[in-house]
Amino acid sequence: MCGIVGYLGPRKASSVLLQGLRQLEYRGYDSSGISILTNKKIKIYKKEGKLANLIQEVPEKLNSPLGIGHTRWATHGGVSDTNAHPHISYKERVAIVHNGIIDNFTSLKEELIEKGISFSSDTDSEVLAHLIDYYLDEDPEVAVQKALDRIDGTYGVIALFKDYPDILIGARNGSPLILGVGDGESILASDASAFIGLSRQAIYLDDGDMIVVKAKEYKTLDRHYKEVFKQPETIDAQSTTISKEGFDHFLLKEIFEQPRSLSRAMGEGGRLQAEFGSAKLGGLNLDTRDFFDIENIHIIGMGTAYYAGMVGSQIIERLARIPTQVLDASELRFSNPIVKKNTLYLAISQSGETADTITAVKEIQNKGGRVLGIINVVGSTLARLTEGGVYTHGGQEVSVASTKAFTAQIMALTLLALLLGRKKDVPISYGKILVKALSDIPAKVQQILDQAHKIKQIAEKYSSASSFLFLARGLNYPIALEGALKLKEISYIHAEGFSSGGLKHGPLALVDEKTPSVFIVSEGETFEKSLSNMQEVKARKGKIIVITDSQDNRIKTLADDYFIVPQSEEVLMPLLNVIPLQLLSYYIANHLGRDVDQPRNLAKSVTTD
Ligand code: M6R
């Protein structure tokens, strides 16, 4: 779960690498490092902690046309300068950066130690540097191939060579690697965002591919090391600009961006069909008649994407009456899933690089299942792997905690549910009501954001609590889970989400005067039951915070604090209810002085499993 970058060209490599790492830091920020070639010598600078620490280390005058860089999320070996990448080989002829996990590193390490090679880090990656050097009597391409043939596991890797100052060699298996083809320069990276300002032409490597890169040319090889031609693709320029736009944190900016990102998720209105009360999703690659054959839908994802799937599954079942399940991708991949012809699989992911989701998709596809993607990052691994789907168009999400991607995922699933629903039981009259309600959502989100100061007051009042409960029913139940995830992720406060109905089956034991319970309550079928659940908490002296669209006085009496969101159609309420919860987490975390954009132990994209 790291970011890697390599550069070869007329610019100062160290500057390009540091700029690239800034873009890739979301993939891990435990340590970072660069390696460059000067005066026929490999030089390495690496530092524990954020990229800012490395930038201070790297001399301004360093001049070299090629180098490699890495930003780390620690797996094997603690967070330290020595475990930071790049790693240099025992004869100091090879330096590598690696993203992934080498499963058989213990046996390889023992073998290399027996040959007299000593190790300076606790990482799995270091074996790769030594192995390549060990085979380097032949040309570097063959040495890399021989080393890779010994490896079990996943890798995105870039190697530079002391005696070959005009090449970099990269390879990919399970971890992304993309070549940016510039004008007389080449940049290899885990993510196209590292190409900022350098190239809009990209070569996407597939698993098993290897690439030999020079400044002005490149050669791609397949898993059998047979040369293959890969056509450069034009990348989305929008995804390359990152700025806080005046906000204190990316997270706050991304929360406030949701009226815009939700509009984009609706194709600025182009995905809504007012005339038919339906939705239009061009990328599904499904024939109209295919819709009639769908008997089940299985949604797969992790974390916040999984919770978006939980919301989506309920909306699909309500509107389209198609049985829909949500599956944890990390569990599914080991469950020997029963894949059926008329089941449609939807893989949800912001990054499109989540290893658990990718592996689950491959398992389903291997069994002949049809998988569509609900993906944010255009051209990502999942976007390329799936047979079609819906881009969520949330825009680049930088903060580790997912916010605008979540609402864009729910929006995409809602549009799909409406489309499927209209092919089944949803009458045009209700379809039109939904289309109108959907187009009103961005303005309603804005109304909530305009009252952020009220949430801030509530947040500061409760920020000393050491545990929170989030409770809801039905469509809001996944919102309770997401609210709890957000709070624990960025504030490090223990938080759990439960169904309100499940409260008295155990979690009620946690309630006391110090544990706030956040209830998410919408008008509708479960409203009265939710009031009873609040009574149960009140009776145990628990503090109650309510997020609701109701003006019912009983809520105002029961709640210690409440926030009223605008009303909408019941199926759309999750999109509104989650906004105050995102703000609550942000303001609590910020009040506690947490690193809200890059919380401890985490990374934006979980590319190892
Ligand atoms: O990129 P993905 O949407 O596939 O990521 C899935 C989860 O890792 C992600 O949603 C994670 O739970 C977030 N950090 C939560 O805010």
# chains A, B, ... in the order shown; residues from 1 in each chain; ligands from 1
>>> select_by_dssp(residues="region 235-482 of chain A", states="strand (DSSP E)", output="NGL selection string")
:A and (272-273 or 278-279 or 296-301 or 324-328 or 343-349 or 370-375 or 389-391 or 467-472)
>>> residues_around(residues="Ile455 (chain A)", least_positions_apart="2", cutoff="12 Å", atoms="only C-alpha atoms", output="PyMOL selection string")
chain A and resi 448-453+457-463+545-547+561-565+579-588
>>> select_by_dssp(residues="region 178-390 of chain A", states="alpha helix (DSSP H)", output="count of residues only")
60
>>> residues_near_ligand(ligand="ligand 1", cutoff="8 Å", atoms="only C-alpha atoms and all ligand atoms", output="PyMOL selection string")
chain A and resi 301-306+348-354+357+375+400-403+405-406+485-486+489+602-606
>>> residues_around(residues="Tyr134 (chain A)", least_positions_apart="4", cutoff="10 Å", atoms="only C-alpha atoms", output="ChimeraX atom specification")
/A:89-91,93-94,112,115,117,128-130,138,143-144,146-147
>>> residues_around(residues="Gly373 (chain A)", least_positions_apart="4", cutoff="10 Å", atoms="only C-alpha atoms", output="MDAnalysis selection string")
chainID A and resid 283:284 299:300 345:349 352 361 382:392
>>> residues_around(residues="Pro59 (chain A)", least_positions_apart="6", cutoff="12 Å", atoms="only C-alpha atoms", output="list in words")
Lys12, Ser14, Ser15, Leu18, Ile34, Ile36, Lys43, Ile44 and Tyr45 of chain A
>>> atom_distance(atom1="CA of Pro599 (chain A)", atom2="CA of Leu188 (chain A)")
27.3 Å
>>> residues_around(residues="Leu319 (chain A)", least_positions_apart="4", cutoff="12 Å", atoms="only C-alpha atoms", output="PyMOL selection string")
chain A and resi 278+312-315+323-324+413-427+430-431+434+570-572
>>> residues_around(residues="region 439-442 of chain A", least_positions_apart="3", cutoff="12 Å", atoms="only C-alpha atoms", output="number ranges by chain")
A: 256-274, 277, 279, 404, 407-408, 411, 415, 432-436, 445-449, 565-569, 571-577, 579
>>> closest_atom_pairs(of="region 359-402 of chain A", to="region 328-341 of chain A", cutoff="10 Å", atoms="only C-alpha atoms", output="Markdown table")
| residue | atom | partner | partner_atom | distance |
| --- | --- | --- | --- | --- |
| A:Thr359 | CA | A:Arg333 | CA | 6.5 |
| A:Ala360 | CA | A:Arg333 | CA | 4.6 |
| A:Val361 | CA | A:Arg333 | CA | 8.2 |
| A:Lys362 | CA | A:Arg333 | CA | 8.7 |
| A:Glu363 | CA | A:Arg333 | CA | 6.4 |
| A:Ile364 | CA | A:Val339 | CA | 6.7 |
| A:Gln365 | CA | A:Val339 | CA | 9.0 |
| A:Asn366 | CA | A:Val339 | CA | 9.7 |
| A:Lys367 | CA | A:Val339 | CA | 6.4 |
| A:Gly368 | CA | A:Val339 | CA | 7.3 |
| A:Gly369 | CA | A:Val339 | CA | 6.0 |
| A:Arg370 | CA | A:Lys341 | CA | 8.1 |
>>> atom_distance(atom1="CA of Gln325 (chain A)", atom2="CA of Ile490 (chain A)")
28.6 Å
>>> atom_distance(atom1="CA of Val97 (chain A)", atom2="CA of Gln201 (chain A)")
22.9 Å
